[in-house]
Each structure stands twice: as C-alpha cells, then as structure tokens.
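K.L.:
Could you have a look at this structure, given as structure tokens, before my questions?
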Amino acid sequence: MSSLPASNKVEVVHLDNLPNASHDHLLGALHKLVGETNVVDGGTHDISKTIHTPIHTVPSHPWLGKFIPGLENLAAEYHVGNFVVIRATGEQIFESMPIYARIGMHLLFYGKVETVLLRNKIIEAQLKEQSIKEGIVFDSPSSVSSIPSFIETYKLSVDELLITDIKSGYKCFNEFFYRKLKPDARPVENADNPSGFCSAADCRITVFENMVDACEFWVKGRNFTLPNLLASSAPHLPGTAIPDVSVFENGSLAIHRLAPADYHRFHSPADVIVGDVVGVDGQYYTVNPQAVNEPGFDVFTANRRAILYLTHERTGQPIAFVAIGALLVGSIIWTVQKGDKVKRGQELGYFAYGGSTIINVFPKGLIKYDNDLIVTSKKALETLVKVGSSLGVQQE
C-alpha cells in the first residue's frame, strides 16, 4: 500500500481497457500463473512473479505482457487498485491490485456481456478449476518455499505470529496463510463495555444501516437482497434451526473484505452462542471493490459461501455471519461447534488461500455503528481495521 503518485490515473476496470484481450488470453494467463506457483512442476517460489505480480511490474515480467495483449500499455498508463482509509488519521492510501484479481475482473465483464451461454459456463468452470488447483498447490509441502517471498512482497510483520519459525514451523503455504497470532496481538477495543461490537477480521470494512444504503453506496448487483445473500430458499439439512429471513428485514450490514496479505482467521463480533451453518455452492468470482461496485455484477450472492447463525447473548437476537469465498479461495473452515459460547473477539474460523469477504447481518435496531465508519462508507470508501477494532454498540 502507498500514497498514490501524481502521474497516471486510477483505472476503472472495463473491457475497453484491454480491447484486444480475449477470454482465452485471460484464462490462459491465469492458468499459467497458477501453474507457476507449483515448484514441483518447475514453477517458482517467488509469488511476486506469479499470481501476486504487481501490475506496474508487468513490463519487466518475462511473459505476462505477451500473454495478454495490451497489458503492458495498461500498466504504463494506469494505477490499478483501490483507495482505502486509515482509520486513525483519515488518510486515503492506495492499494495495488495483484494480477490475478485484475484478470478476474476482466473475466467478470465477459460473463456480463457474453451472449453464448456455453462461453459463460466455460469461464465459470475455469475459475473454479484454477481456484481448486491453487488450493491443492498451496496444501503441498513444497509450497513452504513460497512463504518468504509472500512475507517480503507484502511486508508482513512476523513479530505477532504465534509460530515465528518460518523455515520449519509450517507444513505448507496454506498453514502460513491461515496463520495464528499471539494471544495479545488483536486486543478487543472497549472490552469493558458489554454492549460493544467489534470487527470480525483484519480487513477493509464498510458498514450500512440498511439495505437501501448498502445498494446506493456500495453493492450494485441487481440480485443483492437479503433472501439471496442468505439463500433463504435453498434446502437445509434436517434438524437445522435457521432463523426466518424476515427477522433481518431492514437490518444492517458490516462488509469485511480481506486481501490476500491479511490475517485470515475470523472472529466473533460480539458475545454469542453458535448455531447452525448453511453451505451455499456457487462461483469463484473476485470480490474486489470494483466488481462489487459494478451494476449487474452479483458477486456476493453468486459466490460460494457458508452462513453461520449466531445468537447475541445480551438480546437473544440472531446474527448471520456470512463467509464468502472468492477467486483462488480454497475453503472456509469453522473452528467452533453448535452450542459453543464465544466471546467478542474470539475465533470462529478461517479461510484457506485467497482474498475473501465476511458480511455480518444484524437485525434492525441491534447495533449502532461508529459514526466514522458510516461517514466513510457513504463516500464509497473502505476503512482499514483489525480484528477487535470497534464496530459500534448495542442500540438502547
């Protein structure tokens, strides 16, 4: 992340920006990038040369510019990424988009405009195939060699890690990706206030007091509704106790976007009792903000996700904790069981490799969000927060 230099403008991703790049070019590049993360098959341990290649380095990359026509020109003309806000100062900084996310964005546009149904299915199948393939690669023992370059590429702090031995402390890259932190690494803000809520993840967060605001300022997908997000019409396993979607009517949302470099364990936003989980199959689209903000893209309701229902201990009201997978995400793992009592800030689960999103859905009137988060979200900007950062308080 960095302050944005004056030269070049920020790209608004669109098909026209790579007019000569077909879906075959993009899928071929993604396939090769994922393949080159496999060091056993002759790939490289340096992730900055594979799926995490920064766009501005494309001109010096040995083959990317040749695979995707026009990519070198795009890298020279634009900054590719998003602005986010540092909460303590209000400063806006720029976060670059890794190459795999930019490819995923372009393929989303093909899915939007393509008229041949078979072509759409091919793109979806390829995104799923590459996501599963990357998960397998990063579960292999040889992937350990990619950890140092990942730390270097994203300038990660190793001081807060529970296991600091990088060379022998992790059996594969994925174990580092969903690494544990020291117990005091993520203190809960305002922990002495029993009515408090906190961020569920290290992330870029937006909060909205109702669905109308969420759709006006942030989520532009035409099918983004609470029944669709919570898959209320999907069949549930016998014996599961799922709240009726009507209890969340006019409820509020906290949207947590996790970037690949983030700590990928997620935590409870409040003192809760764990309920049932509903799994929803779906796509592997990128959850980059430009995809979320694009009219007609329905990434949150199209992507595979798992919905954990929680009961807020102080009020007895339900909370829907929606963990959403994305491009190259391997899996969603829960580390709690039904009936567990979990305190605010304690772990609920984790994502295996990839960027991903968590959406907390609260019933109307349960939470009063911190004002700074509301103001920034209505500017269509995300705020950088960590697990335990204040989200708001219970409405009285």
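Just so we're on the same page: first chain in the structure tokens is A, next is B, and so on; residues restart at 1 for each chain, and ligands are numbered from 1 in the order they show up.
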Neighbouring residues of Tyr170 of chain A were defined as those with any atom within 12 Å, considering only C-alpha atoms; residues of the same chain fewer than 4 positions away were excluded. Please report them as a short mmCIF file (atom, residue, chain, number, x, y, z; two decimals) with C-alpha atoms, in the first residue's frame.
P.N.:
```cif
data_model
loop_
_atom_site.label_atom_id
_atom_site.label_comp_id
_atom_site.auth_asym_id
_atom_site.auth_seq_id
_atom_site.Cartn_x
_atom_site.Cartn_y
_atom_site.Cartn_z
CA PHE A 138 -0.61 -24.45 -1.51
CA ASP A 139 -1.51 -27.52 0.59
CA SER A 140 1.59 -29.35 -0.70
CA PRO A 141 4.78 -29.50 1.43
CA SER A 142 6.84 -27.94 -1.39
CA SER A 143 4.79 -24.74 -1.15
CA VAL A 144 6.60 -23.84 2.08
CA SER A 145 9.32 -22.32 -0.11
CA SER A 146 6.86 -19.60 -1.21
CA ILE A 147 6.34 -18.25 2.33
CA PRO A 148 9.44 -15.97 2.46
CA LEU A 161 2.99 -14.66 14.73
CA LEU A 162 2.33 -17.45 17.23
CA ILE A 163 4.79 -19.61 15.26
CA THR A 164 7.75 -17.45 14.27
CA ASP A 165 9.90 -20.22 12.80
CA ILE A 166 9.19 -19.68 9.09
CA ASN A 174 -1.69 -22.60 3.44
CA GLU A 175 -0.72 -23.17 7.07
CA PHE A 176 1.06 -19.83 6.96
CA PHE A 177 -1.82 -18.21 5.09
CA TYR A 178 -4.25 -19.03 7.91
CA ARG A 179 -1.54 -18.47 10.49
CA LYS A 180 -2.35 -17.95 14.17
#
```
K.L.:
Check the DSSP output for the backbone and give back, as a PyMOL selection string, the residues of segment 147-278 of chain A in strand (DSSP E or B).
P.N.:
chain A and resi 161+181+196-198+203-208+252-258+265-267+272-278
K.L.:
Have a look at A:Lys343, A:Lys167, A:His61, A:Lys378 and name the one nearest to Phe217 of chain A; count only C-alpha atoms.
P.N.:
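Closest to Phe217 of chain A of all the choices is A:Lys378.
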K.L.:
Please identify all polymer residues within 6 Å of segment 353-361 of chain A, counting only C-alpha atoms, omitting same-chain residues fewer than 5 positions from it, and present them as a list of chain:residue names.
P.N.:
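Once the nearby chain positions are removed, what remains is A:Ser252, A:Leu253, A:Ala254, A:Ile255, A:His256, A:Arg257, A:Leu258, A:Ala259, A:Pro260, A:Ile319, A:Ala320, A:Phe321, A:Val322, A:Ala323, A:Ile324, A:Gly325, A:Ala326, A:Leu328, A:Val329, A:Gly330.
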K.L.:
Need the shell around Asn8 of chain A: protein/DNA/RNA residues with any atom at most 12 Å away, counting only C-alpha atoms. Skip same-chain ones fewer than 5 positions apart. Format as a PyMOL selection string?
P.N.:
chain A and resi 56+73-80
K.L.:
Keeping N, CA and C atoms, export the residues of the selection given above as a CSV table (one decimal), in the first residue's frame.
P.N.:
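Below you can see result-v3.csv, which holds the result:
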```
chain,number,residue,atom,x,y,z
A,56,HIS,N,2.2,-2.8,-12.0
A,56,HIS,CA,3.3,-1.9,-12.5
A,56,HIS,C,4.6,-2.6,-12.9
A,73,ASN,N,0.7,-1.8,-22.0
A,73,ASN,CA,0.3,-0.4,-22.1
A,73,ASN,C,-0.6,0.0,-21.0
A,74,LEU,N,-1.5,-0.9,-20.5
A,74,LEU,CA,-2.3,-0.6,-19.4
A,74,LEU,C,-1.5,-0.3,-18.1
A,75,ALA,N,-0.5,-1.1,-17.9
A,75,ALA,CA,0.4,-0.9,-16.7
A,75,ALA,C,1.1,0.4,-16.8
A,76,ALA,N,1.5,0.9,-18.0
A,76,ALA,CA,2.2,2.1,-18.1
A,76,ALA,C,1.2,3.3,-18.0
A,77,GLU,N,0.0,3.2,-18.3
A,77,GLU,CA,-1.0,4.3,-18.3
A,77,GLU,C,-1.7,4.4,-17.0
A,78,TYR,N,-2.0,3.4,-16.3
A,78,TYR,CA,-2.9,3.4,-15.1
A,78,TYR,C,-2.2,2.9,-13.8
A,79,HIS,N,-2.7,3.3,-12.7
A,79,HIS,CA,-2.6,2.7,-11.4
A,79,HIS,C,-3.8,1.8,-11.3
A,80,VAL,N,-3.5,0.5,-10.9
A,80,VAL,CA,-4.6,-0.5,-10.9
A,80,VAL,C,-4.8,-0.9,-9.4
```
K.L.:
Tell me, which residues of segment 43-72 of chain A carry DSSP helix (DSSP H, G or I), written as a PyMOL selection string?
P.N.:
chain A and resi 47-49+55-60+64-67+71-72
K.L.:
Return the single residue from A:Pro363, A:Lys220, A:Val272, A:Tyr263 that is closest to Lys182 of chain A, with distances computed using only C-alpha atoms.
P.N.:
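Between A:Pro363, A:Lys220, A:Val272, A:Tyr263, the residue approaching Lys182 of chain A most closely is A:Tyr263.
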K.L.:
Neighbours of segment 120-133 of chain A within 12 Å (only C-alpha atoms; same-chain residues fewer than 3 positions away dropped), as a PyMOL selection string?
P.N.:
chain A and resi 22-38+51+100-101+103-117+136-140+281-286+302-304+325-331+352-355
K.L.:
Applying 9 Å and only C-alpha atoms, which residues near Phe150 of chain A remain after dropping the ones on its own chain fewer than 5 positions away? List them as a ChimeraX atom specification.
P.N.:
/A:46-48,52,155-156,261
K.L.:
Output N, CA, C and O atoms for every residue in that selection, as a short mmCIF file (atom, residue, chain, number, x, y, z; two decimals), in the first residue's frame.
P.N.:
```cif
data_model
loop_
_atom_site.label_atom_id
_atom_site.label_comp_id
_atom_site.auth_asym_id
_atom_site.auth_seq_id
_atom_site.Cartn_x
_atom_site.Cartn_y
_atom_site.Cartn_z
N ASP A 46 8.79 -17.61 -5.93
CA ASP A 46 8.61 -16.17 -5.80
C ASP A 46 7.21 -15.78 -6.25
O ASP A 46 6.94 -15.66 -7.45
N ILE A 47 6.30 -15.54 -5.30
CA ILE A 47 4.90 -15.27 -5.65
C ILE A 47 4.74 -13.90 -6.33
O ILE A 47 3.73 -13.67 -7.00
N SER A 48 5.73 -13.02 -6.21
CA SER A 48 5.64 -11.73 -6.90
C SER A 48 5.84 -11.87 -8.40
O SER A 48 5.62 -10.92 -9.16
N HIS A 52 0.67 -13.01 -7.70
CA HIS A 52 0.72 -11.74 -6.98
C HIS A 52 1.61 -10.71 -7.68
O HIS A 52 2.05 -9.75 -7.05
N LYS A 155 5.35 -7.21 2.89
CA LYS A 155 5.98 -6.56 4.04
C LYS A 155 5.26 -6.94 5.34
O LYS A 155 4.89 -6.08 6.16
N LEU A 156 5.04 -8.23 5.53
CA LEU A 156 4.30 -8.71 6.70
C LEU A 156 5.19 -8.69 7.94
O LEU A 156 6.38 -9.00 7.89
N ALA A 261 -2.92 -10.63 1.72
CA ALA A 261 -1.87 -10.49 2.73
C ALA A 261 -2.40 -10.50 4.16
O ALA A 261 -1.63 -10.64 5.11
#
```
K.L.:
Show me a table, sorted first by chain and then by increasing residue number, of the residues of segment 164-223 of chain A having an atom at most 7 Å from segment 379-394 of chain A, each with its shortest atom pair and the distance in Å to one decimal, counting only C-alpha atoms and written as a Markdown table.
P.N.:
```
| residue | atom | partner | partner_atom | distance |
| --- | --- | --- | --- | --- |
| A:Arg186 | CA | A:Val387 | CA | 5.9 |
| A:Pro187 | CA | A:Gly388 | CA | 5.8 |
| A:Val188 | CA | A:Gly388 | CA | 4.1 |
| A:Glu189 | CA | A:Ser389 | CA | 5.4 |
| A:Ser195 | CA | A:Gln394 | CA | 5.1 |
| A:Gly196 | CA | A:Val393 | CA | 4.3 |
| A:Phe197 | CA | A:Leu391 | CA | 5.3 |
| A:Cys198 | CA | A:Leu391 | CA | 4.5 |
| A:Ser199 | CA | A:Val387 | CA | 5.1 |
| A:Ala200 | CA | A:Val387 | CA | 5.4 |
| A:Ala201 | CA | A:Val387 | CA | 4.5 |
| A:Asp202 | CA | A:Lys386 | CA | 3.9 |
| A:Cys203 | CA | A:Val385 | CA | 5.6 |
| A:Arg204 | CA | A:Leu384 | CA | 4.5 |
| A:Ile205 | CA | A:Glu382 | CA | 5.1 |
| A:Thr206 | CA | A:Glu382 | CA | 5.4 |
| A:Phe217 | CA | A:Ala380 | CA | 5.6 |
| A:Trp218 | CA | A:Ala380 | CA | 5.9 |
```
K.L.:
Write out the residues from the selection above, keeping N, CA, C and O atoms, as a PDB file, in the first residue's frame.
P.N.:
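Contents of selection10.pdb, as written:
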```
ATOM      1  N   ARG A 186      -4.354  -9.091  18.943  1.00  0.00           N
ATOM      2  CA  ARG A 186      -5.561  -8.400  18.498  1.00  0.00           C
ATOM      3  C   ARG A 186      -6.481  -8.131  19.694  1.00  0.00           C
ATOM      4  O   ARG A 186      -7.506  -8.776  19.884  1.00  0.00           O
ATOM      5  N   PRO A 187      -6.118  -7.145  20.538  1.00  0.00           N
ATOM      6  CA  PRO A 187      -6.961  -6.828  21.696  1.00  0.00           C
ATOM      7  C   PRO A 187      -8.311  -6.258  21.259  1.00  0.00           C
ATOM      8  O   PRO A 187      -8.411  -5.601  20.220  1.00  0.00           O
ATOM      9  N   VAL A 188      -9.352  -6.540  22.031  1.00  0.00           N
ATOM     10  CA  VAL A 188     -10.691  -6.027  21.738  1.00  0.00           C
ATOM     11  C   VAL A 188     -10.805  -4.603  22.263  1.00  0.00           C
ATOM     12  O   VAL A 188     -10.590  -4.345  23.449  1.00  0.00           O
ATOM     13  N   GLU A 189     -11.137  -3.686  21.383  1.00  0.00           N
ATOM     14  CA  GLU A 189     -11.318  -2.296  21.766  1.00  0.00           C
ATOM     15  C   GLU A 189     -12.579  -2.146  22.619  1.00  0.00           C
ATOM     16  O   GLU A 189     -13.595  -2.779  22.354  1.00  0.00           O
ATOM     17  N   SER A 195     -21.828  -3.876  25.809  1.00  0.00           N
ATOM     18  CA  SER A 195     -22.721  -3.638  24.671  1.00  0.00           C
ATOM     19  C   SER A 195     -21.964  -3.451  23.363  1.00  0.00           C
ATOM     20  O   SER A 195     -22.564  -3.195  22.319  1.00  0.00           O
ATOM     21  N   GLY A 196     -20.634  -3.602  23.407  1.00  0.00           N
ATOM     22  CA  GLY A 196     -19.827  -3.327  22.228  1.00  0.00           C
ATOM     23  C   GLY A 196     -19.861  -4.420  21.179  1.00  0.00           C
ATOM     24  O   GLY A 196     -20.158  -5.587  21.453  1.00  0.00           O
ATOM     25  N   PHE A 197     -19.569  -4.018  19.941  1.00  0.00           N
ATOM     26  CA  PHE A 197     -19.361  -4.933  18.814  1.00  0.00           C
ATOM     27  C   PHE A 197     -17.995  -4.610  18.222  1.00  0.00           C
ATOM     28  O   PHE A 197     -17.535  -3.460  18.292  1.00  0.00           O
ATOM     29  N   CYS A 198     -17.371  -5.609  17.599  1.00  0.00           N
ATOM     30  CA  CYS A 198     -16.044  -5.373  17.036  1.00  0.00           C
ATOM     31  C   CYS A 198     -15.931  -5.946  15.637  1.00  0.00           C
ATOM     32  O   CYS A 198     -16.751  -6.760  15.196  1.00  0.00           O
ATOM     33  N   SER A 199     -14.888  -5.528  14.942  1.00  0.00           N
ATOM     34  CA  SER A 199     -14.594  -6.060  13.616  1.00  0.00           C
ATOM     35  C   SER A 199     -14.313  -7.550  13.714  1.00  0.00           C
ATOM     36  O   SER A 199     -13.636  -8.018  14.633  1.00  0.00           O
ATOM     37  N   ALA A 200     -14.811  -8.282  12.735  1.00  0.00           N
ATOM     38  CA  ALA A 200     -14.636  -9.734  12.721  1.00  0.00           C
ATOM     39  C   ALA A 200     -13.336 -10.172  12.065  1.00  0.00           C
ATOM     40  O   ALA A 200     -12.997 -11.354  12.119  1.00  0.00           O
ATOM     41  N   ALA A 201     -12.617  -9.233  11.442  1.00  0.00           N
ATOM     42  CA  ALA A 201     -11.428  -9.629  10.675  1.00  0.00           C
ATOM     43  C   ALA A 201     -10.476  -8.463  10.512  1.00  0.00           C
ATOM     44  O   ALA A 201     -10.851  -7.297  10.681  1.00  0.00           O
ATOM     45  N   ASP A 202      -9.230  -8.784  10.178  1.00  0.00           N
ATOM     46  CA  ASP A 202      -8.315  -7.787   9.634  1.00  0.00           C
ATOM     47  C   ASP A 202      -8.791  -7.533   8.212  1.00  0.00           C
ATOM     48  O   ASP A 202      -8.790  -8.457   7.379  1.00  0.00           O
ATOM     49  N   CYS A 203      -9.179  -6.312   7.899  1.00  0.00           N
ATOM     50  CA  CYS A 203      -9.886  -6.135   6.631  1.00  0.00           C
ATOM     51  C   CYS A 203     -10.012  -4.671   6.259  1.00  0.00           C
ATOM     52  O   CYS A 203      -9.551  -3.778   6.965  1.00  0.00           O
ATOM     53  N   ARG A 204     -10.709  -4.484   5.129  1.00  0.00           N
ATOM     54  CA  ARG A 204     -11.190  -3.173   4.706  1.00  0.00           C
ATOM     55  C   ARG A 204     -12.708  -3.234   4.887  1.00  0.00           C
ATOM     56  O   ARG A 204     -13.368  -4.049   4.259  1.00  0.00           O
ATOM     57  N   ILE A 205     -13.263  -2.360   5.732  1.00  0.00           N
ATOM     58  CA  ILE A 205     -14.655  -2.527   6.142  1.00  0.00           C
ATOM     59  C   ILE A 205     -15.546  -1.397   5.633  1.00  0.00           C
ATOM     60  O   ILE A 205     -15.110  -0.248   5.506  1.00  0.00           O
ATOM     61  N   THR A 206     -16.776  -1.752   5.305  1.00  0.00           N
ATOM     62  CA  THR A 206     -17.840  -0.777   5.062  1.00  0.00           C
ATOM     63  C   THR A 206     -19.037  -1.219   5.887  1.00  0.00           C
ATOM     64  O   THR A 206     -19.276  -2.414   6.072  1.00  0.00           O
ATOM     65  N   PHE A 217     -24.679   3.015  -2.028  1.00  0.00           N
ATOM     66  CA  PHE A 217     -23.299   3.473  -1.914  1.00  0.00           C
ATOM     67  C   PHE A 217     -22.251   2.417  -2.258  1.00  0.00           C
ATOM     68  O   PHE A 217     -21.101   2.754  -2.524  1.00  0.00           O
ATOM     69  N   TRP A 218     -22.623   1.128  -2.271  1.00  0.00           N
ATOM     70  CA  TRP A 218     -21.567   0.130  -2.381  1.00  0.00           C
ATOM     71  C   TRP A 218     -21.915  -1.047  -3.275  1.00  0.00           C
ATOM     72  O   TRP A 218     -21.269  -1.278  -4.285  1.00  0.00           O
TER      73      TRP A 218
END
```
K.L.:
Calculated over only C-alpha atoms, which of the candidates A:Ile367, A:Ala191, A:Val247, A:Leu308 has the smallest distance to Pro227 of chain A?
P.N.:
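For Pro227 of chain A, the nearest of the given residues is A:Val247.
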